[in-house]
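> Pasting protein_30.pdb below, which is PDB, N, CA and C atoms.
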ATOM      1  N   MET A 349      24.835 -53.956  28.229
ATOM      2  CA  MET A 349      24.406 -53.052  29.267
ATOM      3  C   MET A 349      22.889 -52.927  29.219
ATOM      4  N   THR A 350      22.241 -53.058  30.355
ATOM      5  CA  THR A 350      20.796 -52.914  30.453
ATOM      6  C   THR A 350      20.477 -51.693  31.283
ATOM      7  N   GLN A 351      19.492 -50.929  30.823
ATOM      8  CA  GLN A 351      19.092 -49.735  31.549
ATOM      9  C   GLN A 351      17.572 -49.637  31.478
ATOM     10  N   GLN A 352      16.940 -49.250  32.587
ATOM     11  CA  GLN A 352      15.488 -49.130  32.618
ATOM     12  C   GLN A 352      15.118 -47.729  33.072
ATOM     13  N   VAL A 353      14.152 -47.130  32.364
ATOM     14  CA  VAL A 353      13.667 -45.795  32.692
ATOM     15  C   VAL A 353      12.151 -45.865  32.749
ATOM     16  N   THR A 354      11.552 -45.268  33.779
ATOM     17  CA  THR A 354      10.091 -45.224  33.901
ATOM     18  C   THR A 354       9.638 -43.774  33.774
ATOM     19  N   PHE A 355       8.613 -43.532  32.970
ATOM     20  CA  PHE A 355       8.089 -42.177  32.793
ATOM     21  C   PHE A 355       6.648 -42.263  32.318
ATOM     22  N   SER A 356       5.962 -41.142  32.319
ATOM     23  CA  SER A 356       4.570 -41.061  31.854
ATOM     24  C   SER A 356       4.501 -40.138  30.653
ATOM     25  N   LEU A 357       3.664 -40.496  29.705
ATOM     26  CA  LEU A 357       3.411 -39.637  28.555
ATOM     27  C   LEU A 357       2.258 -38.702  28.884
ATOM     28  N   SER A 358       2.193 -37.581  28.203
ATOM     29  CA  SER A 358       1.074 -36.666  28.417
ATOM     30  C   SER A 358      -0.223 -37.323  27.928
ATOM     31  N   ALA A 359      -1.337 -36.939  28.549
ATOM     32  CA  ALA A 359      -2.640 -37.502  28.178
ATOM     33  C   ALA A 359      -3.008 -37.080  26.759
ATOM     34  N   LYS A 360      -3.603 -37.992  26.044
ATOM     35  CA  LYS A 360      -4.020 -37.721  24.673
ATOM     36  C   LYS A 360      -5.424 -38.255  24.464
ATOM     37  N   LYS A 361      -6.137 -37.641  23.523
ATOM     38  CA  LYS A 361      -7.472 -38.141  23.193
ATOM     39  C   LYS A 361      -7.336 -39.397  22.333
ATOM     40  N   ARG A 362      -8.444 -40.056  22.107
ATOM     41  CA  ARG A 362      -8.449 -41.244  21.251
ATOM     42  C   ARG A 362      -7.882 -40.887  19.890
ATOM     43  N   GLY A 363      -7.097 -41.768  19.329
ATOM     44  CA  GLY A 363      -6.548 -41.523  18.000
ATOM     45  C   GLY A 363      -5.132 -42.044  17.869
ATOM     46  N   PHE A 364      -4.503 -41.672  16.789
ATOM     47  CA  PHE A 364      -3.130 -42.071  16.486
ATOM     48  C   PHE A 364      -2.237 -40.847  16.673
ATOM     49  N   HIS A 365      -1.214 -40.990  17.495
ATOM     50  CA  HIS A 365      -0.374 -39.852  17.862
ATOM     51  C   HIS A 365       1.098 -40.192  17.681
ATOM     52  N   LEU A 366       1.877 -39.193  17.258
ATOM     53  CA  LEU A 366       3.324 -39.356  17.177
ATOM     54  C   LEU A 366       3.888 -39.111  18.575
ATOM     55  N   ILE A 367       4.610 -40.089  19.115
ATOM     56  CA  ILE A 367       5.127 -39.967  20.480
ATOM     57  C   ILE A 367       6.644 -40.108  20.555
ATOM     58  N   THR A 368       7.307 -40.213  19.412
ATOM     59  CA  THR A 368       8.753 -40.435  19.400
ATOM     60  C   THR A 368       9.501 -39.348  20.168
ATOM     61  N   ARG A 369       9.234 -38.077  19.879
ATOM     62  CA  ARG A 369       9.950 -36.984  20.551
ATOM     63  C   ARG A 369       9.718 -37.013  22.053
ATOM     64  N   GLU A 370       8.468 -37.251  22.439
ATOM     65  CA  GLU A 370       8.143 -37.275  23.866
ATOM     66  C   GLU A 370       8.888 -38.400  24.584
ATOM     67  N   ILE A 371       8.998 -39.549  23.942
ATOM     68  CA  ILE A 371       9.738 -40.670  24.535
ATOM     69  C   ILE A 371      11.222 -40.328  24.636
ATOM     70  N   LEU A 372      11.795 -39.808  23.556
ATOM     71  CA  LEU A 372      13.221 -39.502  23.551
ATOM     72  C   LEU A 372      13.605 -38.454  24.598
ATOM     73  N   GLN A 373      12.689 -37.554  24.942
ATOM     74  CA  GLN A 373      12.963 -36.547  25.968
ATOM     75  C   GLN A 373      13.206 -37.181  27.337
ATOM     76  N   HIS A 374      12.642 -38.341  27.565
ATOM     77  CA  HIS A 374      12.756 -39.004  28.859
ATOM     78  C   HIS A 374      13.932 -39.973  28.947
ATOM     79  N   LEU A 375      14.587 -40.221  27.838
ATOM     80  CA  LEU A 375      15.651 -41.230  27.816
ATOM     81  C   LEU A 375      17.032 -40.602  27.836
ATOM     82  N   PRO A 376      18.002 -41.313  28.383
ATOM     83  CA  PRO A 376      19.383 -40.857  28.272
ATOM     84  C   PRO A 376      19.832 -41.045  26.823
ATOM     85  N   GLU A 377      21.016 -40.566  26.503
ATOM     86  CA  GLU A 377      21.534 -40.750  25.153
ATOM     87  C   GLU A 377      21.611 -42.243  24.844
ATOM     88  N   LEU A 378      21.095 -42.614  23.692
ATOM     89  CA  LEU A 378      21.042 -44.024  23.313
ATOM     90  C   LEU A 378      22.276 -44.405  22.500
ATOM     91  N   PRO A 379      22.708 -45.668  22.601
ATOM     92  CA  PRO A 379      23.847 -46.123  21.788
ATOM     93  C   PRO A 379      23.444 -46.216  20.317
ATOM     94  N   GLN A 380      24.411 -46.305  19.443
ATOM     95  CA  GLN A 380      24.152 -46.378  18.008
ATOM     96  C   GLN A 380      23.511 -47.702  17.602
ATOM     97  N   THR A 381      23.790 -48.769  18.333
ATOM     98  CA  THR A 381      23.220 -50.071  18.019
ATOM     99  C   THR A 381      22.642 -50.687  19.282
ATOM    100  N   GLY A 382      21.748 -51.642  19.086
ATOM    101  CA  GLY A 382      21.170 -52.338  20.220
ATOM    102  C   GLY A 382      19.672 -52.509  20.042
ATOM    103  N   LEU A 383      19.021 -52.972  21.083
ATOM    104  CA  LEU A 383      17.582 -53.180  21.071
ATOM    105  C   LEU A 383      16.918 -52.194  22.013
ATOM    106  N   PHE A 384      15.737 -51.751  21.628
ATOM    107  CA  PHE A 384      14.956 -50.835  22.462
ATOM    108  C   PHE A 384      13.603 -51.486  22.712
ATOM    109  N   HIS A 385      13.270 -51.706  23.956
ATOM    110  CA  HIS A 385      11.979 -52.290  24.318
ATOM    111  C   HIS A 385      11.158 -51.219  25.010
ATOM    112  N   LEU A 386       9.926 -51.031  24.555
ATOM    113  CA  LEU A 386       9.029 -50.059  25.164
ATOM    114  C   LEU A 386       7.833 -50.812  25.709
ATOM    115  N   PHE A 387       7.658 -50.782  27.025
ATOM    116  CA  PHE A 387       6.541 -51.459  27.676
ATOM    117  C   PHE A 387       5.518 -50.402  28.067
ATOM    118  N   VAL A 388       4.298 -50.547  27.579
ATOM    119  CA  VAL A 388       3.227 -49.592  27.869
ATOM    120  C   VAL A 388       2.245 -50.268  28.813
ATOM    121  N   LYS A 389       1.996 -49.649  29.956
ATOM    122  CA  LYS A 389       1.156 -50.250  30.982
ATOM    123  C   LYS A 389      -0.339 -50.010  30.761
ATOM    124  N   HIS A 390      -0.729 -49.356  29.695
ATOM    125  CA  HIS A 390      -2.141 -49.060  29.443
ATOM    126  C   HIS A 390      -2.749 -50.173  28.599
ATOM    127  N   THR A 391      -3.839 -50.761  29.075
ATOM    128  CA  THR A 391      -4.393 -51.949  28.414
ATOM    129  C   THR A 391      -4.994 -51.670  27.038
ATOM    130  N   SER A 392      -5.439 -50.444  26.769
ATOM    131  CA  SER A 392      -6.041 -50.189  25.460
ATOM    132  C   SER A 392      -5.080 -49.481  24.511
ATOM    133  N   CYS A 393      -3.827 -49.419  24.889
ATOM    134  CA  CYS A 393      -2.820 -48.768  24.043
ATOM    135  C   CYS A 393      -2.180 -49.804  23.122
ATOM    136  N   ALA A 394      -1.927 -49.392  21.909
ATOM    137  CA  ALA A 394      -1.203 -50.236  20.965
ATOM    138  C   ALA A 394      -0.214 -49.340  20.232
ATOM    139  N   LEU A 395       0.875 -49.896  19.819
ATOM    140  CA  LEU A 395       1.861 -49.138  19.069
ATOM    141  C   LEU A 395       1.821 -49.548  17.612
ATOM    142  N   SER A 396       1.871 -48.573  16.750
ATOM    143  CA  SER A 396       1.918 -48.815  15.315
ATOM    144  C   SER A 396       3.222 -48.218  14.803
ATOM    145  N   ILE A 397       4.015 -49.021  14.165
ATOM    146  CA  ILE A 397       5.283 -48.527  13.627
ATOM    147  C   ILE A 397       5.147 -48.441  12.117
ATOM    148  N   ASN A 398       5.314 -47.233  11.591
ATOM    149  CA  ASN A 398       5.282 -47.040  10.149
ATOM    150  C   ASN A 398       6.267 -45.933   9.796
ATOM    151  N   GLU A 399       6.503 -45.747   8.528
ATOM    152  CA  GLU A 399       7.532 -44.791   8.139
ATOM    153  C   GLU A 399       7.084 -43.345   8.229
ATOM    154  N   ASN A 400       5.789 -43.084   8.405
ATOM    155  CA  ASN A 400       5.262 -41.731   8.586
ATOM    156  C   ASN A 400       5.720 -40.793   7.466
ATOM    157  N   ALA A 401       5.798 -41.299   6.253
ATOM    158  CA  ALA A 401       6.243 -40.497   5.116
ATOM    159  C   ALA A 401       5.192 -39.468   4.706
ATOM    160  N   ASP A 402       3.938 -39.743   5.021
ATOM    161  CA  ASP A 402       2.846 -38.857   4.630
ATOM    162  C   ASP A 402       1.921 -38.679   5.833
ATOM    163  N   PRO A 403       1.557 -37.451   6.183
ATOM    164  CA  PRO A 403       0.681 -37.219   7.340
ATOM    165  C   PRO A 403      -0.696 -37.887   7.203
ATOM    166  N   SER A 404      -1.098 -38.218   5.985
ATOM    167  CA  SER A 404      -2.404 -38.843   5.796
ATOM    168  C   SER A 404      -2.448 -40.275   6.334
ATOM    169  N   VAL A 405      -1.292 -40.862   6.602
ATOM    170  CA  VAL A 405      -1.249 -42.232   7.124
ATOM    171  C   VAL A 405      -2.019 -42.306   8.442
ATOM    172  N   ARG A 406      -1.760 -41.366   9.349
ATOM    173  CA  ARG A 406      -2.450 -41.396  10.644
ATOM    174  C   ARG A 406      -3.949 -41.173  10.487
ATOM    175  N   SER A 407      -4.351 -40.259   9.609
ATOM    176  CA  SER A 407      -5.788 -40.027   9.425
ATOM    177  C   SER A 407      -6.449 -41.229   8.754
ATOM    178  N   ASP A 408      -5.732 -41.908   7.853
ATOM    179  CA  ASP A 408      -6.270 -43.128   7.242
ATOM    180  C   ASP A 408      -6.466 -44.220   8.290
ATOM    181  N   PHE A 409      -5.443 -44.414   9.157
ATOM    182  CA  PHE A 409      -5.568 -45.399  10.238
ATOM    183  C   PHE A 409      -6.766 -45.071  11.128
ATOM    184  N   GLU A 410      -6.883 -43.814  11.493
ATOM    185  CA  GLU A 410      -7.961 -43.417  12.395
ATOM    186  C   GLU A 410      -9.325 -43.611  11.753
ATOM    187  N   SER A 411      -9.436 -43.284  10.494
ATOM    188  CA  SER A 411     -10.704 -43.454   9.768
ATOM    189  C   SER A 411     -11.128 -44.917   9.749
ATOM    190  N   ILE A 412     -10.185 -45.793   9.458
ATOM    191  CA  ILE A 412     -10.487 -47.233   9.423
ATOM    192  C   ILE A 412     -10.880 -47.745  10.812
ATOM    193  N   MET A 413     -10.110 -47.341  11.839
ATOM    194  CA  MET A 413     -10.401 -47.804  13.200
ATOM    195  C   MET A 413     -11.750 -47.280  13.702
ATOM    196  N   ASN A 414     -12.123 -46.060  13.342
ATOM    197  CA  ASN A 414     -13.417 -45.522  13.761
ATOM    198  C   ASN A 414     -14.576 -46.299  13.144
ATOM    199  N   LYS A 415     -14.365 -46.872  11.977
ATOM    200  CA  LYS A 415     -15.393 -47.709  11.350
ATOM    201  C   LYS A 415     -15.423 -49.109  11.998
ATOM    202  N   LEU A 416     -14.241 -49.653  12.289
ATOM    203  CA  LEU A 416     -14.162 -50.985  12.889
ATOM    204  C   LEU A 416     -14.586 -50.982  14.358
ATOM    205  N   VAL A 417     -14.169 -49.942  15.097
ATOM    206  CA  VAL A 417     -14.436 -49.872  16.531
ATOM    207  C   VAL A 417     -15.023 -48.490  16.850
ATOM    208  N   PRO A 418     -16.334 -48.318  16.613
ATOM    209  CA  PRO A 418     -16.946 -46.996  16.823
ATOM    210  C   PRO A 418     -16.942 -46.570  18.296
TER
END
Before we go any further, please render this structure as structure tokens.


Amino acid sequence: MTQQVTFSLSAKKRGFHLITREILQHLPELPQTGLFHLFVKHTSCALSINENADPSVRSDFESIMNKLVP
């Protein structure tokens, strides 16, 4: 079964943001197994998937990116 949903995320400033809850609010109930494809139409957006076990992960990513791409 294929299903497509289109929605917009709230505007955010530059940085690394948790968006899982916001995405799930826009989706119907998902099956227990299968594939999930997320297409982002913004050219400067990138997705980072990590376990988010420690809140410092996002600040570490942001610190490194601010040095690489000021």

> Using all atoms listed in the file for the distances, tell me which of A:Phe364, A:Thr381, A:Leu395, A:Phe355 is nearest to Ser407 in chain A.

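So, comparing all the options, the nearest one is A:Phe364.
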
> Report, in Å to a single decimal, how far apart atom C of Leu366 in chain A and atom C of Pro418 in chain A are.

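Spanning atom C of Pro418 in chain A to atom C of Leu366 in chain A is a straight-line distance of 22.1 Å.
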
> So what do you get for atom N of Gln352 in chain A versus atom N of Arg369 in chain A, distance-wise?

18.6 Å

> For atom C of His390 in chain A and CA of Arg362 in chain A, quote the distance in Å rounded to one decimal.

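Interatomic distance here is 12.9 Å.
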
> From the list A:Leu416, A:Ile367, A:Leu383, A:Leu372, which residue is nearest Ser396 in chain A when using only C-alpha atoms?

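Counting only C-alpha atoms, the residue closest to Ser396 in chain A is A:Ile367.
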
> Write out as a PDB file with N, CA and C atoms, in the frame of the given file all residues of chain A that DSSP puts in alpha helix (DSSP H) for this structure's backbone.


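File written: selection-v5.pdb
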ATOM      1  N   THR A 368       7.307 -40.213  19.412  1.00  0.00           N
ATOM      2  CA  THR A 368       8.753 -40.435  19.400  1.00  0.00           C
ATOM      3  C   THR A 368       9.501 -39.348  20.168  1.00  0.00           C
ATOM      4  N   ARG A 369       9.234 -38.077  19.879  1.00  0.00           N
ATOM      5  CA  ARG A 369       9.950 -36.984  20.551  1.00  0.00           C
ATOM      6  C   ARG A 369       9.718 -37.013  22.053  1.00  0.00           C
ATOM      7  N   GLU A 370       8.468 -37.251  22.439  1.00  0.00           N
ATOM      8  CA  GLU A 370       8.143 -37.275  23.866  1.00  0.00           C
ATOM      9  C   GLU A 370       8.888 -38.400  24.584  1.00  0.00           C
ATOM     10  N   ILE A 371       8.998 -39.549  23.942  1.00  0.00           N
ATOM     11  CA  ILE A 371       9.738 -40.670  24.535  1.00  0.00           C
ATOM     12  C   ILE A 371      11.222 -40.328  24.636  1.00  0.00           C
ATOM     13  N   LEU A 372      11.795 -39.808  23.556  1.00  0.00           N
ATOM     14  CA  LEU A 372      13.221 -39.502  23.551  1.00  0.00           C
ATOM     15  C   LEU A 372      13.605 -38.454  24.598  1.00  0.00           C
ATOM     16  N   GLN A 373      12.689 -37.554  24.942  1.00  0.00           N
ATOM     17  CA  GLN A 373      12.963 -36.547  25.968  1.00  0.00           C
ATOM     18  C   GLN A 373      13.206 -37.181  27.337  1.00  0.00           C
ATOM     19  N   HIS A 374      12.642 -38.341  27.565  1.00  0.00           N
ATOM     20  CA  HIS A 374      12.756 -39.004  28.859  1.00  0.00           C
ATOM     21  C   HIS A 374      13.932 -39.973  28.947  1.00  0.00           C
ATOM     22  N   SER A 404      -1.098 -38.218   5.985  1.00  0.00           N
ATOM     23  CA  SER A 404      -2.404 -38.843   5.796  1.00  0.00           C
ATOM     24  C   SER A 404      -2.448 -40.275   6.334  1.00  0.00           C
ATOM     25  N   VAL A 405      -1.292 -40.862   6.602  1.00  0.00           N
ATOM     26  CA  VAL A 405      -1.249 -42.232   7.124  1.00  0.00           C
ATOM     27  C   VAL A 405      -2.019 -42.306   8.442  1.00  0.00           C
ATOM     28  N   ARG A 406      -1.760 -41.366   9.349  1.00  0.00           N
ATOM     29  CA  ARG A 406      -2.450 -41.396  10.644  1.00  0.00           C
ATOM     30  C   ARG A 406      -3.949 -41.173  10.487  1.00  0.00           C
ATOM     31  N   SER A 407      -4.351 -40.259   9.609  1.00  0.00           N
ATOM     32  CA  SER A 407      -5.788 -40.027   9.425  1.00  0.00           C
ATOM     33  C   SER A 407      -6.449 -41.229   8.754  1.00  0.00           C
ATOM     34  N   ASP A 408      -5.732 -41.908   7.853  1.00  0.00           N
ATOM     35  CA  ASP A 408      -6.270 -43.128   7.242  1.00  0.00           C
ATOM     36  C   ASP A 408      -6.466 -44.220   8.290  1.00  0.00           C
ATOM     37  N   PHE A 409      -5.443 -44.414   9.157  1.00  0.00           N
ATOM     38  CA  PHE A 409      -5.568 -45.399  10.238  1.00  0.00           C
ATOM     39  C   PHE A 409      -6.766 -45.071  11.128  1.00  0.00           C
ATOM     40  N   GLU A 410      -6.883 -43.814  11.493  1.00  0.00           N
ATOM     41  CA  GLU A 410      -7.961 -43.417  12.395  1.00  0.00           C
ATOM     42  C   GLU A 410      -9.325 -43.611  11.753  1.00  0.00           C
ATOM     43  N   SER A 411      -9.436 -43.284  10.494  1.00  0.00           N
ATOM     44  CA  SER A 411     -10.704 -43.454   9.768  1.00  0.00           C
ATOM     45  C   SER A 411     -11.128 -44.917   9.749  1.00  0.00           C
ATOM     46  N   ILE A 412     -10.185 -45.793   9.458  1.00  0.00           N
ATOM     47  CA  ILE A 412     -10.487 -47.233   9.423  1.00  0.00           C
ATOM     48  C   ILE A 412     -10.880 -47.745  10.812  1.00  0.00           C
ATOM     49  N   MET A 413     -10.110 -47.341  11.839  1.00  0.00           N
ATOM     50  CA  MET A 413     -10.401 -47.804  13.200  1.00  0.00           C
ATOM     51  C   MET A 413     -11.750 -47.280  13.702  1.00  0.00           C
ATOM     52  N   ASN A 414     -12.123 -46.060  13.342  1.00  0.00           N
ATOM     53  CA  ASN A 414     -13.417 -45.522  13.761  1.00  0.00           C
ATOM     54  C   ASN A 414     -14.576 -46.299  13.144  1.00  0.00           C
ATOM     55  N   LYS A 415     -14.365 -46.872  11.977  1.00  0.00           N
ATOM     56  CA  LYS A 415     -15.393 -47.709  11.350  1.00  0.00           C
ATOM     57  C   LYS A 415     -15.423 -49.109  11.998  1.00  0.00           C
ATOM     58  N   LEU A 416     -14.241 -49.653  12.289  1.00  0.00           N
ATOM     59  CA  LEU A 416     -14.162 -50.985  12.889  1.00  0.00           C
ATOM     60  C   LEU A 416     -14.586 -50.982  14.358  1.00  0.00           C
TER      61      LEU A 416
END

> Hey, what comes out of the PyMOL selection byres ((chain A and resi 374-376) around 8) on this file? Could you write it as a list in words?

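The output of the PyMOL selection byres ((chain A and resi 374-376) around 8) on this file is Val353, Thr354, Phe355, Ser356, Arg369, Glu370, Ile371, Leu372, Gln373, Glu377, Leu378 and Pro379 of chain A.
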
> What does the file look like for those residues with N, CA and C atoms, as an mmCIF file, in the coordinates of the input?


data_model
loop_
_atom_site.group_PDB
_atom_site.id
_atom_site.type_symbol
_atom_site.label_atom_id
_atom_site.label_comp_id
_atom_site.auth_asym_id
_atom_site.auth_seq_id
_atom_site.Cartn_x
_atom_site.Cartn_y
_atom_site.Cartn_z
ATOM 1 N N VAL A 353 14.152 -47.130 32.364
ATOM 2 C CA VAL A 353 13.667 -45.795 32.692
ATOM 3 C C VAL A 353 12.151 -45.865 32.749
ATOM 4 N N THR A 354 11.552 -45.268 33.779
ATOM 5 C CA THR A 354 10.091 -45.224 33.901
ATOM 6 C C THR A 354 9.638 -43.774 33.774
ATOM 7 N N PHE A 355 8.613 -43.532 32.970
ATOM 8 C CA PHE A 355 8.089 -42.177 32.793
ATOM 9 C C PHE A 355 6.648 -42.263 32.318
ATOM 10 N N SER A 356 5.962 -41.142 32.319
ATOM 11 C CA SER A 356 4.570 -41.061 31.854
ATOM 12 C C SER A 356 4.501 -40.138 30.653
ATOM 13 N N ARG A 369 9.234 -38.077 19.879
ATOM 14 C CA ARG A 369 9.950 -36.984 20.551
ATOM 15 C C ARG A 369 9.718 -37.013 22.053
ATOM 16 N N GLU A 370 8.468 -37.251 22.439
ATOM 17 C CA GLU A 370 8.143 -37.275 23.866
ATOM 18 C C GLU A 370 8.888 -38.400 24.584
ATOM 19 N N ILE A 371 8.998 -39.549 23.942
ATOM 20 C CA ILE A 371 9.738 -40.670 24.535
ATOM 21 C C ILE A 371 11.222 -40.328 24.636
ATOM 22 N N LEU A 372 11.795 -39.808 23.556
ATOM 23 C CA LEU A 372 13.221 -39.502 23.551
ATOM 24 C C LEU A 372 13.605 -38.454 24.598
ATOM 25 N N GLN A 373 12.689 -37.554 24.942
ATOM 26 C CA GLN A 373 12.963 -36.547 25.968
ATOM 27 C C GLN A 373 13.206 -37.181 27.337
ATOM 28 N N GLU A 377 21.016 -40.566 26.503
ATOM 29 C CA GLU A 377 21.534 -40.750 25.153
ATOM 30 C C GLU A 377 21.611 -42.243 24.844
ATOM 31 N N LEU A 378 21.095 -42.614 23.692
ATOM 32 C CA LEU A 378 21.042 -44.024 23.313
ATOM 33 C C LEU A 378 22.276 -44.405 22.500
ATOM 34 N N PRO A 379 22.708 -45.668 22.601
ATOM 35 C CA PRO A 379 23.847 -46.123 21.788
ATOM 36 C C PRO A 379 23.444 -46.216 20.317
#

> Point out the residue among A:Ser358, A:Gly363, A:Thr368, A:His385 with the least atom-to-atom distance to Asn400 in chain A, counting only C-alpha atoms.

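Checking each candidate against Asn400 in chain A, we get A:Thr368 as the closest.
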